[in-house]
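Q: Pasting model_15.pdb here (PDB, C-alpha atoms):
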ATOM      1  CA  MET X  28    -154.608-116.008  76.060
ATOM      2  CA  ASP X  29    -154.813-119.426  77.720
ATOM      3  CA  VAL X  30    -154.454-122.231  75.162
ATOM      4  CA  LEU X  31    -157.621-124.048  76.283
ATOM      5  CA  VAL X  32    -159.854-120.969  76.050
ATOM      6  CA  GLY X  33    -158.138-119.818  72.866
ATOM      7  CA  GLU X  34    -158.722-123.136  71.110
ATOM      8  CA  TYR X  35    -162.343-123.102  72.244
ATOM      9  CA  LEU X  36    -162.865-119.627  70.804
ATOM     10  CA  LYS X  37    -161.138-120.504  67.529
ATOM     11  CA  GLY X  38    -163.467-123.494  67.181
ATOM     12  CA  LEU X  39    -166.661-121.440  67.403
ATOM     13  CA  GLU X  40    -168.935-121.367  64.356
ATOM     14  CA  PHE X  41    -171.450-118.664  63.477
ATOM     15  CA  GLY X  42    -174.923-119.054  62.057
ATOM     16  CA  LYS X  43    -177.119-116.885  59.845
ATOM     17  CA  LEU X  44    -177.375-113.245  60.896
ATOM     18  CA  GLN X  45    -180.613-112.134  62.572
ATOM     19  CA  LYS X  46    -181.570-108.436  62.697
ATOM     20  CA  LEU X  47    -184.084-106.047  64.271
ATOM     21  CA  ASN X  48    -183.711-102.259  64.362
ATOM     22  CA  SER X  49    -180.180-101.394  65.513
ATOM     23  CA  MET X  50    -179.431-104.883  66.891
ATOM     24  CA  ALA X  51    -178.087-107.912  65.035
ATOM     25  CA  VAL X  52    -177.130-111.375  66.292
ATOM     26  CA  PHE X  53    -174.990-114.189  64.962
ATOM     27  CA  PRO X  54    -176.022-117.478  66.627
ATOM     28  CA  VAL X  55    -172.882-119.197  67.948
ATOM     29  CA  PHE X  56    -172.159-122.935  67.900
ATOM     30  CA  ALA X  57    -169.369-124.707  69.782
ATOM     31  CA  ASN X  58    -167.415-127.502  68.141
ATOM     32  CA  ARG X  59    -167.910-129.768  71.146
ATOM     33  CA  GLU X  60    -170.575-130.406  73.764
ATOM     34  CA  SER X  61    -169.854-129.976  77.446
ATOM     35  CA  LYS X  62    -168.472-132.986  79.311
ATOM     36  CA  ILE X  63    -169.824-131.597  82.595
ATOM     37  CA  ASN X  64    -173.401-132.355  83.587
ATOM     38  CA  TYR X  65    -175.096-129.353  85.215
ATOM     39  CA  ILE X  66    -178.409-127.529  85.333
ATOM     40  CA  THR X  67    -179.242-123.833  85.184
ATOM     41  CA  LEU X  68    -180.403-121.494  87.938
ATOM     42  CA  ASN X  69    -183.929-121.466  86.558
ATOM     43  CA  GLU X  70    -184.127-125.264  86.413
ATOM     44  CA  ALA X  71    -182.835-125.661  89.964
ATOM     45  CA  ILE X  72    -185.294-123.147  91.412
ATOM     46  CA  GLU X  73    -188.224-124.596  89.459
ATOM     47  CA  ARG X  74    -187.422-128.029  90.924
ATOM     48  CA  ASP X  75    -187.082-126.600  94.464
ATOM     49  CA  LEU X  76    -183.448-127.703  94.537
ATOM     50  CA  LEU X  77    -181.979-124.272  95.227
ATOM     51  CA  GLU X  78    -182.615-121.793  98.027
ATOM     52  CA  ILE X  79    -181.170-118.285  97.894
ATOM     53  CA  SER X  80    -181.432-115.951 100.873
ATOM     54  CA  GLU X  81    -179.771-113.063 102.671
ATOM     55  CA  LEU X  82    -176.726-114.068 104.709
ATOM     56  CA  ASP X  83    -178.712-113.510 107.921
ATOM     57  CA  ALA X  84    -181.625-111.410 109.185
ATOM     58  CA  ALA X  85    -179.598-108.201 108.860
ATOM     59  CA  GLY X  86    -178.394-108.989 105.340
ATOM     60  CA  ALA X  87    -175.328-107.717 103.471
ATOM     61  CA  VAL X  88    -175.624-105.937 100.116
ATOM     62  CA  PRO X  89    -172.658-107.614  98.317
ATOM     63  CA  GLU X  90    -173.280-111.239  99.366
ATOM     64  CA  LEU X  91    -176.036-113.855  99.407
ATOM     65  CA  LEU X  92    -176.262-117.428 100.704
ATOM     66  CA  VAL X  93    -177.098-120.222  98.264
ATOM     67  CA  ASN X  94    -178.089-123.691  99.407
ATOM     68  CA  ASN X  95    -177.805-126.178  96.529
ATOM     69  CA  ASN X  96    -179.738-129.336  97.395
ATOM     70  CA  SER X  97    -179.200-130.836  93.956
ATOM     71  CA  ASP X  98    -177.061-133.898  93.317
ATOM     72  CA  ILE X  99    -175.465-132.142  90.328
ATOM     73  CA  PRO X 100    -173.797-128.730  89.923
ATOM     74  CA  VAL X 101    -175.881-125.644  89.161
ATOM     75  CA  LEU X 102    -174.680-122.925  86.783
ATOM     76  CA  ILE X 103    -175.482-119.314  87.677
ATOM     77  CA  LEU X 104    -174.517-116.895  84.917
ATOM     78  CA  ASP X 105    -172.845-113.560  85.438
ATOM     79  CA  GLY X 106    -175.576-110.917  85.642
ATOM     80  CA  GLU X 107    -178.538-113.180  86.401
ATOM     81  CA  GLU X 108    -181.061-111.213  88.460
ATOM     82  CA  LEU X 109    -182.545-112.460  91.719
ATOM     83  CA  LEU X 110    -185.767-110.915  93.016
ATOM     84  CA  GLY X 111    -186.938-110.630  96.617
ATOM     85  CA  ALA X 112    -185.632-110.565 100.199
ATOM     86  CA  LYS X 113    -184.327-107.104 101.154
ATOM     87  CA  GLN X 114    -183.489-105.893  97.607
ATOM     88  CA  ASN X 115    -183.020-107.257  94.094
ATOM     89  CA  ARG X 116    -179.481-108.336  93.175
ATOM     90  CA  VAL X 117    -177.495-109.501  90.159
ATOM     91  CA  VAL X 118    -174.698-112.075  90.334
ATOM     92  CA  ASN X 119    -171.179-110.679  89.877
ATOM     93  CA  THR X 120    -169.562-113.645  88.131
ATOM     94  CA  SER X 121    -170.500-116.967  86.577
ATOM     95  CA  ILE X 122    -170.520-119.710  89.209
ATOM     96  CA  LEU X 123    -170.749-123.489  88.948
ATOM     97  CA  LEU X 124    -172.170-124.367  92.370
ATOM     98  CA  ARG X 125    -171.002-127.601  93.906
ATOM     99  CA  GLU X 126    -173.691-130.205  94.407
ATOM    100  CA  ASN X 127    -175.189-130.473  97.922
ATOM    101  CA  SER X 128    -173.405-127.337  99.063
ATOM    102  CA  LYS X 129    -173.836-123.996 100.795
ATOM    103  CA  THR X 130    -172.062-121.118  99.075
ATOM    104  CA  VAL X 131    -171.761-117.397  99.724
ATOM    105  CA  ILE X 132    -171.968-115.695  96.334
ATOM    106  CA  PRO X 133    -170.918-112.138  95.332
ATOM    107  CA  VAL X 134    -173.713-109.903  94.059
ATOM    108  CA  SER X 135    -174.577-106.294  93.250
ATOM    109  CA  CYS X 136    -177.740-104.388  94.107
ATOM    110  CA  VAL X 137    -180.002-103.252  91.246
ATOM    111  CA  GLU X 138    -182.732-101.776  93.459
ATOM    112  CA  GLN X 139    -181.228 -98.863  95.341
ATOM    113  CA  GLY X 140    -184.399 -97.599  97.033
ATOM    114  CA  ARG X 141    -185.370-100.681  99.063
ATOM    115  CA  TRP X 142    -183.751-102.362 102.072
ATOM    116  CA  SER X 143    -186.639-104.287 103.635
ATOM    117  CA  TYR X 144    -187.966-107.810 103.263
ATOM    118  CA  ASN X 145    -190.717-108.540 100.761
ATOM    119  CA  SER X 146    -190.003-112.297 100.842
ATOM    120  CA  ASP X 147    -187.809-114.761 102.752
ATOM    121  CA  LYS X 148    -186.187-116.240  99.656
ATOM    122  CA  PHE X 149    -185.083-114.979  96.274
ATOM    123  CA  VAL X 150    -186.677-116.101  93.019
ATOM    124  CA  ASP X 151    -185.296-116.153  89.499
ATOM    125  CA  SER X 152    -186.422-113.030  87.614
ATOM    126  CA  ASP X 153    -186.000-114.680  84.193
ATOM    127  CA  ARG X 154    -183.677-111.778  83.374
ATOM    128  CA  ILE X 155    -179.998-110.974  83.098
ATOM    129  CA  ALA X 156    -178.765-107.463  83.857
ATOM    130  CA  SER X 157    -178.711-105.074  80.929
ATOM    131  CA  TYR X 158    -175.626-105.152  78.731
ATOM    132  CA  ASN X 159    -174.301-101.840  80.058
ATOM    133  CA  VAL X 160    -174.823-102.885  83.694
ATOM    134  CA  ARG X 161    -172.981-106.162  83.073
ATOM    135  CA  ASN X 162    -170.211-104.341  81.237
ATOM    136  CA  ILE X 163    -169.553-101.744  83.935
ATOM    137  CA  LYS X 164    -169.895-104.352  86.674
ATOM    138  CA  SER X 165    -167.449-106.706  84.963
ATOM    139  CA  ALA X 166    -164.812-103.990  84.669
ATOM    140  CA  SER X 167    -164.836-103.331  88.419
ATOM    141  CA  VAL X 168    -165.049-107.043  89.285
ATOM    142  CA  LYS X 169    -161.978-107.635  87.110
ATOM    143  CA  GLU X 170    -160.038-105.018  89.049
ATOM    144  CA  SER X 171    -161.247-106.376  92.395
ATOM    145  CA  VAL X 172    -160.443-110.012  91.729
ATOM    146  CA  GLU X 173    -156.979-109.129  90.431
ATOM    147  CA  THR X 174    -156.084-106.943  93.404
ATOM    148  CA  SER X 175    -157.871-108.676  96.286
ATOM    149  CA  GLY X 176    -159.133-112.034  95.022
ATOM    150  CA  ARG X 177    -162.714-110.886  95.736
ATOM    151  CA  PHE X 178    -165.440-110.730  93.106
ATOM    152  CA  LYS X 179    -166.671-107.350  94.274
ATOM    153  CA  SER X 180    -168.217-104.713  92.038
ATOM    154  CA  ASN X 181    -168.215-100.934  92.184
ATOM    155  CA  GLN X 182    -171.747-100.649  93.589
ATOM    156  CA  GLY X 183    -171.988 -96.938  92.853
ATOM    157  CA  ALA X 184    -171.143 -97.516  89.185
ATOM    158  CA  VAL X 185    -173.809-100.235  88.965
ATOM    159  CA  TRP X 186    -176.437 -97.933  90.446
ATOM    160  CA  ASP X 187    -175.404 -95.181  88.025
ATOM    161  CA  GLU X 188    -175.976 -97.514  85.067
ATOM    162  CA  VAL X 189    -179.381 -98.559  86.402
ATOM    163  CA  HIS X 190    -180.332 -94.874  86.730
ATOM    164  CA  LYS X 191    -179.108 -94.206  83.176
ATOM    165  CA  LEU X 192    -181.237 -97.065  81.917
ATOM    166  CA  GLN X 193    -184.299 -95.686  83.695
ATOM    167  CA  ASN X 194    -183.688 -92.185  82.350
ATOM    168  CA  ASN X 195    -183.017 -93.336  78.790
ATOM    169  CA  MET X 196    -186.153 -95.480  78.812
ATOM    170  CA  LYS X 197    -188.176 -92.782  80.599
ATOM    171  CA  VAL X 198    -189.311 -95.291  83.233
ATOM    172  CA  GLU X 199    -189.960 -94.220  86.804
ATOM    173  CA  SER X 200    -189.385 -96.705  89.613
ATOM    174  CA  PRO X 201    -190.278 -96.049  93.266
ATOM    175  CA  THR X 202    -187.297 -98.143  94.399
ATOM    176  CA  SER X 203    -184.975 -97.449  91.444
ATOM    177  CA  ALA X 204    -185.294-101.090  90.413
ATOM    178  CA  MET X 205    -183.850-102.341  87.134
ATOM    179  CA  ALA X 206    -186.726-104.835  87.057
ATOM    180  CA  ASP X 207    -189.242-102.020  86.584
ATOM    181  CA  VAL X 208    -187.583-101.007  83.305
ATOM    182  CA  TYR X 209    -187.817-104.535  81.939
ATOM    183  CA  ASP X 210    -191.452-104.778  83.024
ATOM    184  CA  ALA X 211    -192.322-101.442  81.400
ATOM    185  CA  LYS X 212    -190.689-102.490  78.119
ATOM    186  CA  ASN X 213    -191.987-106.055  78.116
ATOM    187  CA  GLU X 214    -194.000-105.644  74.898
ATOM    188  CA  ASP X 215    -190.996-104.248  73.027
ATOM    189  CA  LEU X 216    -188.778-107.016  74.387
ATOM    190  CA  GLU X 217    -191.206-109.630  73.094
ATOM    191  CA  ASN X 218    -190.586-108.284  69.572
ATOM    192  CA  TYR X 219    -186.861-108.881  70.057
ATOM    193  CA  LEU X 220    -187.461-112.408  71.322
ATOM    194  CA  GLU X 221    -189.452-113.144  68.163
ATOM    195  CA  ALA X 222    -186.752-111.667  65.921
ATOM    196  CA  PHE X 223    -183.889-113.504  67.614
ATOM    197  CA  GLU X 224    -185.271-117.004  67.957
ATOM    198  CA  HIS X 225    -183.218-119.810  69.450
ATOM    199  CA  VAL X 226    -181.589-122.058  66.845
ATOM    200  CA  GLU X 227    -181.326-125.775  67.554
ATOM    201  CA  GLY X 228    -177.871-126.677  68.863
ATOM    202  CA  GLN X 229    -176.987-123.061  69.602
ATOM    203  CA  ASN X 230    -174.431-122.406  72.359
ATOM    204  CA  GLY X 231    -174.364-118.629  72.395
ATOM    205  CA  LEU X 232    -174.640-115.357  70.541
ATOM    206  CA  LEU X 233    -172.450-112.626  69.090
ATOM    207  CA  VAL X 234    -174.254-109.284  69.288
ATOM    208  CA  LEU X 235    -173.826-106.201  67.126
ATOM    209  CA  VAL X 236    -175.384-102.742  67.402
ATOM    210  CA  ASN X 237    -175.346-100.645  64.241
ATOM    211  CA  GLY X 238    -172.886-103.036  62.677
ATOM    212  CA  LYS X 239    -170.343-103.000  65.508
ATOM    213  CA  ILE X 240    -169.706-106.015  67.717
ATOM    214  CA  ILE X 241    -170.523-105.238  71.350
ATOM    215  CA  GLY X 242    -170.728-108.623  73.063
ATOM    216  CA  LEU X 243    -170.257-112.382  73.028
ATOM    217  CA  ASP X 244    -171.768-114.997  75.364
ATOM    218  CA  VAL X 245    -171.210-118.741  74.954
ATOM    219  CA  VAL X 246    -172.324-121.591  77.259
ATOM    220  CA  SER X 247    -170.720-125.027  77.001
ATOM    221  CA  SER X 248    -173.979-127.014  77.079
ATOM    222  CA  SER X 249    -176.448-126.341  74.255
ATOM    223  CA  SER X 250    -179.332-127.520  76.450
ATOM    224  CA  ALA X 251    -178.278-125.106  79.198
ATOM    225  CA  TYR X 252    -177.898-122.276  76.693
ATOM    226  CA  LYS X 253    -181.439-122.870  75.465
ATOM    227  CA  LYS X 254    -182.649-122.164  79.024
ATOM    228  CA  VAL X 255    -180.865-118.782  79.152
ATOM    229  CA  HIS X 256    -181.262-117.691  75.515
ATOM    230  CA  LYS X 257    -184.214-115.364  76.138
ATOM    231  CA  LYS X 258    -182.506-113.852  79.183
ATOM    232  CA  LEU X 259    -179.444-112.971  77.129
ATOM    233  CA  ILE X 260    -181.461-111.557  74.231
ATOM    234  CA  LYS X 261    -183.332-109.252  76.617
ATOM    235  CA  SER X 262    -180.069-108.210  78.277
ATOM    236  CA  TYR X 263    -178.659-106.901  75.006
ATOM    237  CA  ALA X 264    -181.977-105.687  73.584
ATOM    238  CA  ILE X 265    -182.916-103.431  76.506
ATOM    239  CA  ASP X 266    -179.866-101.247  75.832
ATOM    240  CA  SER X 267    -179.940-101.523  72.034
ATOM    241  CA  MET X 268    -183.431 -99.952  72.049
ATOM    242  CA  ILE X 269    -181.771 -96.676  73.016
ATOM    243  CA  GLN X 270    -179.654 -96.690  69.858
ATOM    244  CA  LYS X 271    -181.280 -95.417  66.682
ATOM    245  CA  PRO X 272    -180.512 -97.557  63.628
ATOM    246  CA  GLY X 273    -177.453 -96.066  61.971
ATOM    247  CA  GLY X 274    -178.407 -96.767  58.402
ATOM    248  CA  GLU X 275    -177.744 -99.915  56.393
ATOM    249  CA  CYS X 276    -174.665-101.605  57.837
ATOM    250  CA  MET X 277    -173.073-104.354  55.801
ATOM    251  CA  VAL X 278    -172.157-107.057  58.292
ATOM    252  CA  LYS X 279    -170.078-109.822  56.756
ATOM    253  CA  PRO X 280    -169.142-113.257  58.122
ATOM    254  CA  GLU X 281    -165.454-112.292  58.107
ATOM    255  CA  HIS X 282    -166.212-109.704  60.793
ATOM    256  CA  THR X 283    -166.591-112.600  63.221
ATOM    257  CA  ASP X 284    -163.102-113.848  62.315
ATOM    258  CA  GLU X 285    -161.659-110.378  62.923
ATOM    259  CA  PHE X 286    -163.329-110.227  66.330
ATOM    260  CA  ILE X 287    -162.032-113.646  67.387
ATOM    261  CA  SER X 288    -158.535-112.693  66.211
ATOM    262  CA  LYS X 289    -158.645-109.545  68.380
ATOM    263  CA  ILE X 290    -159.757-111.225  71.575
ATOM    264  CA  LEU X 291    -157.259-114.069  71.125
ATOM    265  CA  LYS X 292    -154.579-111.446  71.803
ATOM    266  CA  SER X 293    -156.006-110.775  75.282
ATOM    267  CA  ASP X 294    -153.847-110.703  78.378
ATOM    268  CA  GLU X 295    -155.282-112.781  81.215
ATOM    269  CA  THR X 296    -155.394-113.415  84.925
ATOM    270  CA  ILE X 297    -156.515-116.642  86.592
ATOM    271  CA  ASN X 298    -158.081-117.098  90.025
ATOM    272  CA  ASP X 299    -160.062-119.736  91.870
ATOM    273  CA  SER X 300    -163.758-119.488  91.083
ATOM    274  CA  VAL X 301    -166.447-119.103  93.745
ATOM    275  CA  GLY X 302    -167.649-122.646  93.027
ATOM    276  CA  TYR X 303    -166.024-125.290  90.840
ATOM    277  CA  GLY X 304    -163.154-124.413  88.527
ATOM    278  CA  PHE X 305    -161.132-121.340  87.690
ATOM    279  CA  ASP X 306    -162.123-117.805  86.789
ATOM    280  CA  TYR X 307    -160.264-116.251  83.848
ATOM    281  CA  ARG X 308    -160.258-112.480  83.228
ATOM    282  CA  PHE X 309    -159.205-111.084  79.846
ATOM    283  CA  ALA X 310    -158.476-107.617  78.477
ATOM    284  CA  THR X 311    -157.458-105.984  75.204
ATOM    285  CA  ASP X 312    -157.435-102.323  74.194
ATOM    286  CA  SER X 313    -161.077-102.676  73.126
ATOM    287  CA  TYR X 314    -162.671-105.624  74.935
ATOM    288  CA  ILE X 315    -163.012-107.048  78.425
ATOM    289  CA  GLY X 316    -163.851-110.696  78.975
ATOM    290  CA  SER X 317    -164.178-113.554  81.430
ATOM    291  CA  SER X 318    -164.462-117.312  81.376
ATOM    292  CA  LEU X 319    -165.348-120.046  83.838
ATOM    293  CA  VAL X 320    -163.292-123.193  83.232
ATOM    294  CA  TYR X 321    -163.717-126.530  85.004
ATOM    295  CA  HIS X 322    -161.957-129.820  84.195
ATOM    296  CA  ASP X 323    -160.732-128.423  80.851
ATOM    297  CA  ASP X 324    -164.307-127.502  79.939
ATOM    298  CA  VAL X 325    -165.051-123.865  79.078
ATOM    299  CA  ILE X 326    -168.366-123.564  80.916
ATOM    300  CA  HIS X 327    -169.104-119.915  80.072
ATOM    301  CA  VAL X 328    -167.208-117.236  78.208
ATOM    302  CA  SER X 329    -168.221-113.618  77.624
ATOM    303  CA  PHE X 330    -166.652-110.525  76.095
ATOM    304  CA  PHE X 331    -167.877-106.927  76.111
ATOM    305  CA  LYS X 332    -166.839-103.851  74.178
ATOM    306  CA  GLY X 333    -164.859-101.587  76.490
ATOM    307  CA  MET X 334    -166.610 -98.863  78.471
ATOM    308  CA  GLU X 335    -165.185 -96.321  80.875
ATOM    309  CA  PRO X 336    -166.581 -96.990  84.375
ATOM    310  CA  ASN X 337    -168.397 -94.010  85.911
ATOM    311  CA  ASN X 338    -168.235 -92.086  82.638
ATOM    312  CA  GLY X 339    -171.436 -90.389  81.570
ATOM    313  CA  ASN X 340    -170.667 -90.935  77.902
ATOM    314  CA  GLN X 341    -171.706 -94.466  77.046
ATOM    315  CA  GLY X 342    -169.425 -96.520  74.861
ATOM    316  CA  ASN X 343    -166.181 -94.644  75.512
ATOM    317  CA  MET X 344    -163.305 -97.002  74.940
ATOM    318  CA  VAL X 345    -160.831 -97.666  77.720
ATOM    319  CA  ARG X 346    -157.565 -99.565  77.806
ATOM    320  CA  TYR X 347    -158.076-102.107  80.538
ATOM    321  CA  SER X 348    -155.176-102.824  82.818
ATOM    322  CA  THR X 349    -153.527-106.159  82.112
ATOM    323  CA  ARG X 350    -151.386-108.213  84.432
ATOM    324  CA  ALA X 351    -150.117-111.740  83.997
ATOM    325  CA  ASN X 352    -151.015-114.238  86.693
ATOM    326  CA  ILE X 353    -149.669-117.776  86.475
ATOM    327  CA  ARG X 354    -151.683-120.539  88.093
ATOM    328  CA  GLN X 355    -149.545-122.704  90.356
TER     329      GLN X 355
END
Can you give me the file's structure in the form of structure tokens?
A:
Amino acid sequence: MDVLVGEYLKGLEFGKLQKLNSMAVFPVFANRESKINYITLNEAIERDLLEISELDAAGAVPELLVNNNSDIPVLILDGEELLGAKQNRVVNTSILLRENSKTVIPVSCVEQGRWSYNSDKFVDSDRIASYNVRNIKSASVKESVETSGRFKSNQGAVWDEVHKLQNNMKVESPTSAMADVYDAKNEDLENYLEAFEHVEGQNGLLVLVNGKIIGLDVVSSSSAYKKVHKKLIKSYAIDSMIQKPGGECMVKPEHTDEFISKILKSDETINDSVGYGFDYRFATDSYIGSSLVYHDDVIHVSFFKGMEPNNGNQGNMVRYSTRANIRQ
């Protein structure tokens, strides 16, 4: 693993465990605050500083156009959902948009049954794609960026995961929209938001289901993380609801050390990011990860427990392909 990202991960600290049903969360704290000044997607849209639209009147499923009118960069997290235009999308990779810029961003559709305008511009849904959708999407994006340099997902696999989510939650959607599942389970999700409250100074979260670590998300700025905390909780919670509590699981602080030790052994590839910085992709036998790095600042890092793309059995482990790539 890259020294910069490795040192950042080794410096993470973990707070008091929070639990509800099958899901548990360790709040995560970084040992340094971000040197880069940026705002989040939600902040930029609320201030009318960001416009997101289809590429043109015809549109293209895997790409959108973002006009950043802000004088500072805007962070869009991997999996953030955008509502409107011809169909709802989620972002394929974390992007630090350049200030005063126009950028074509890679996305995936999470509303298979609609391809017609319901608005000119996209709005922030206040959601991030479900954990399983992000996981499957990230696996195919990793393969795409390593082979072609493009942050393209396996759209069919993403749709399959959205359908699984709808079926597991017994939610019908006229357009097969992921958003309809979140809306139908809003009351349940509120219980998770109450159980997993934001902790002052928090930079991220380490998530467990039935005592097993399934995901890590850390954002360099604690103020930025606070803006996306609820989104991330809902992302993990919507899938954890499917899992019945597996009895009393003794989760100990040393489990976090074991997890960090495992992912530090990751092989990596490095490519230019869509916006500022570099995009790192990591893989071990059990986990897949990514990180956005700019000016020696780890802007966002995430790891997911391995899943087999396009496999009907959720949670099957897969050995991800690894290939060294040296940045020139």
Q: Just checking: using only C-alpha atoms, which residue out of X:Leu319, X:Gln193, X:Leu44, X:Asn181 ends up closest to Phe305 (chain X)?
A: X:Leu319
Q: Determine, for each residue of region 208-302 of chain X having at least one atom at most 7 Å from an atom of region 53-69 of chain X, the closest pair of atoms and their separation in Å to one decimal, counting all atoms listed in the file; order by chain and ascending number, as a Markdown table.
A:
| residue | atom | partner | partner_atom | distance |
| --- | --- | --- | --- | --- |
| X:Gly228 | CA | X:Phe56 | CA | 6.9 |
| X:Gln229 | CA | X:Phe56 | CA | 5.1 |
| X:Asn230 | CA | X:Phe56 | CA | 5.0 |
| X:Gly231 | CA | X:Val55 | CA | 4.7 |
| X:Leu232 | CA | X:Pro54 | CA | 4.7 |
| X:Leu233 | CA | X:Phe53 | CA | 5.1 |
| X:Val234 | CA | X:Phe53 | CA | 6.6 |
| X:Ser247 | CA | X:Ser61 | CA | 5.0 |
| X:Ser248 | CA | X:Ser61 | CA | 5.1 |
| X:Ala251 | CA | X:Thr67 | CA | 6.2 |
Q: Tell me, in Å to one decimal, how far CA of Ser143 (chain X) is from CA of Asp83 (chain X).
A: 12.9 Å
Q: Where does the PyMOL selection byres ((chain X and resi 135) around 6) land in this file, that is, which residues does it pick, as a ChimeraX atom specification?
A: /X:89,116-117,134,136
Q: What residues have an atom no more than 10 Å from (-183.6, -126.2, 90.8) in the file's own frame, counting all atoms listed in the file, and can you write them as a list in words?
A: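 Those within range, by chain then number, are Ile66, Thr67, Leu68, Asn69, Glu70, Ala71, Ile72, Glu73, Arg74, Asp75, Leu76, Leu77, Glu78, Asn95, Asn96, Ser97 and Val101 of chain X.
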Q: Decode the PyMOL selection byres ((chain X and resi 323) around 12) for the given file into explicit residues and return them as a list in words.
A: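 Applied to this file, the PyMOL selection byres ((chain X and resi 323) around 12) selects Asp29, Val30, Leu31, Val32, Glu34, Tyr35, Ser61, Lys62, Ile63, Ser247, Tyr303, Gly304, Phe305, Ser318, Leu319, Val320, Tyr321, His322, Asp324, Val325, Ile326 and His327 of chain X.
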Q: Kindly list the centre and edge lengths in Å, rounded to one decimal, for the axis-aligned box that covers all listed atoms of region 68-71 of chain X plus 6 Å on each of its six sides, as AutoDock Vina command-line options.
A:
--center_x -182.3 --center_y -123.6 --center_z 88.2 --size_x 15.7 --size_y 16.2 --size_z 15.6
Q: Which residues fall under the PyMOL selection byres ((chain X and resi 141) around 9) in this file, as an MDAnalysis selection string?
A: chainID X and resid 113:115 138:140 142:144 201:204
Q: Please measure the separation of CA of Leu102 (chain X) and CA of Leu124 (chain X), giving the value in Å to one decimal.
A: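 Those two atoms sit 6.3 Å apart.
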Q: Please determine, counting only C-alpha atoms, which residue among X:Ala156, X:Ala85, X:Leu235, X:Leu36 has the shortest atom-to-atom distance to Leu259 (chain X).
A: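 Of the candidates, the smallest distance to Leu259 (chain X) is held by X:Ala156.
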Q: Give me, please, the distance in Å between CA of Asp153 (chain X) and CA of Leu109 (chain X), quoted to one decimal.
A: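 Value for the CA of Asp153 (chain X)-CA of Leu109 (chain X) distance: 8.6 Å.
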Q: Would you list the residues near (-191.1, -105.3, 72.1) (no more than 12 Å away, in the coordinates of the file, using only C-alpha atoms) as a PDB file with C-alpha atoms, keeping the file's coordinate frame?
A:
ATOM      1  CA  LEU X  47    -184.084-106.047  64.271  1.00  0.00           C
ATOM      2  CA  ASN X  48    -183.711-102.259  64.362  1.00  0.00           C
ATOM      3  CA  TYR X 209    -187.817-104.535  81.939  1.00  0.00           C
ATOM      4  CA  ASP X 210    -191.452-104.778  83.024  1.00  0.00           C
ATOM      5  CA  ALA X 211    -192.322-101.442  81.400  1.00  0.00           C
ATOM      6  CA  LYS X 212    -190.689-102.490  78.119  1.00  0.00           C
ATOM      7  CA  ASN X 213    -191.987-106.055  78.116  1.00  0.00           C
ATOM      8  CA  GLU X 214    -194.000-105.644  74.898  1.00  0.00           C
ATOM      9  CA  ASP X 215    -190.996-104.248  73.027  1.00  0.00           C
ATOM     10  CA  LEU X 216    -188.778-107.016  74.387  1.00  0.00           C
ATOM     11  CA  GLU X 217    -191.206-109.630  73.094  1.00  0.00           C
ATOM     12  CA  ASN X 218    -190.586-108.284  69.572  1.00  0.00           C
ATOM     13  CA  TYR X 219    -186.861-108.881  70.057  1.00  0.00           C
ATOM     14  CA  LEU X 220    -187.461-112.408  71.322  1.00  0.00           C
ATOM     15  CA  GLU X 221    -189.452-113.144  68.163  1.00  0.00           C
ATOM     16  CA  ALA X 222    -186.752-111.667  65.921  1.00  0.00           C
ATOM     17  CA  PHE X 223    -183.889-113.504  67.614  1.00  0.00           C
ATOM     18  CA  ILE X 260    -181.461-111.557  74.231  1.00  0.00           C
ATOM     19  CA  LYS X 261    -183.332-109.252  76.617  1.00  0.00           C
ATOM     20  CA  ALA X 264    -181.977-105.687  73.584  1.00  0.00           C
ATOM     21  CA  ILE X 265    -182.916-103.431  76.506  1.00  0.00           C
ATOM     22  CA  SER X 267    -179.940-101.523  72.034  1.00  0.00           C
ATOM     23  CA  MET X 268    -183.431 -99.952  72.049  1.00  0.00           C
TER      24      MET X 268
END
Q: For Ser167 (chain X), please output as a ChimeraX atom specification all residues within 8 Å (counting all atoms listed in the file; exclusion window: fewer than 3 positions along the same chain).
A: /X:163-164,170-171,179-181,336
Q: Have a look at X:Ser175, X:Lys271, X:Val93, X:Glu108 and name the one nearest to Lys129 (chain X); count all atoms listed in the file.
A: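 Distance minimum relative to Lys129 (chain X) lands on X:Val93.
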Q: Could you add whatever atoms are missing so that region 145-150 of chain X carries N, CA and C atoms, then write the result as a compact mmCIF listing (two decimals), in the coordinates of the input?
A:
# COMPACT_ATOMS: atom_id res chain seq x y z
N ASN X 145 -189.40 -108.28 101.37
CA ASN X 145 -190.72 -108.54 100.76
C ASN X 145 -190.92 -110.03 100.53
N SER X 146 -189.91 -110.84 100.88
CA SER X 146 -190.00 -112.30 100.84
C SER X 146 -188.81 -112.86 101.60
N ASP X 147 -188.92 -114.12 102.04
CA ASP X 147 -187.81 -114.76 102.75
C ASP X 147 -186.71 -115.21 101.79
N LYS X 148 -187.12 -115.68 100.63
CA LYS X 148 -186.19 -116.24 99.66
C LYS X 148 -186.21 -115.44 98.36
N PHE X 149 -185.16 -115.59 97.59
CA PHE X 149 -185.08 -114.98 96.27
C PHE X 149 -185.68 -115.92 95.23
N VAL X 150 -186.20 -115.33 94.16
CA VAL X 150 -186.68 -116.10 93.02
C VAL X 150 -185.93 -115.64 91.78
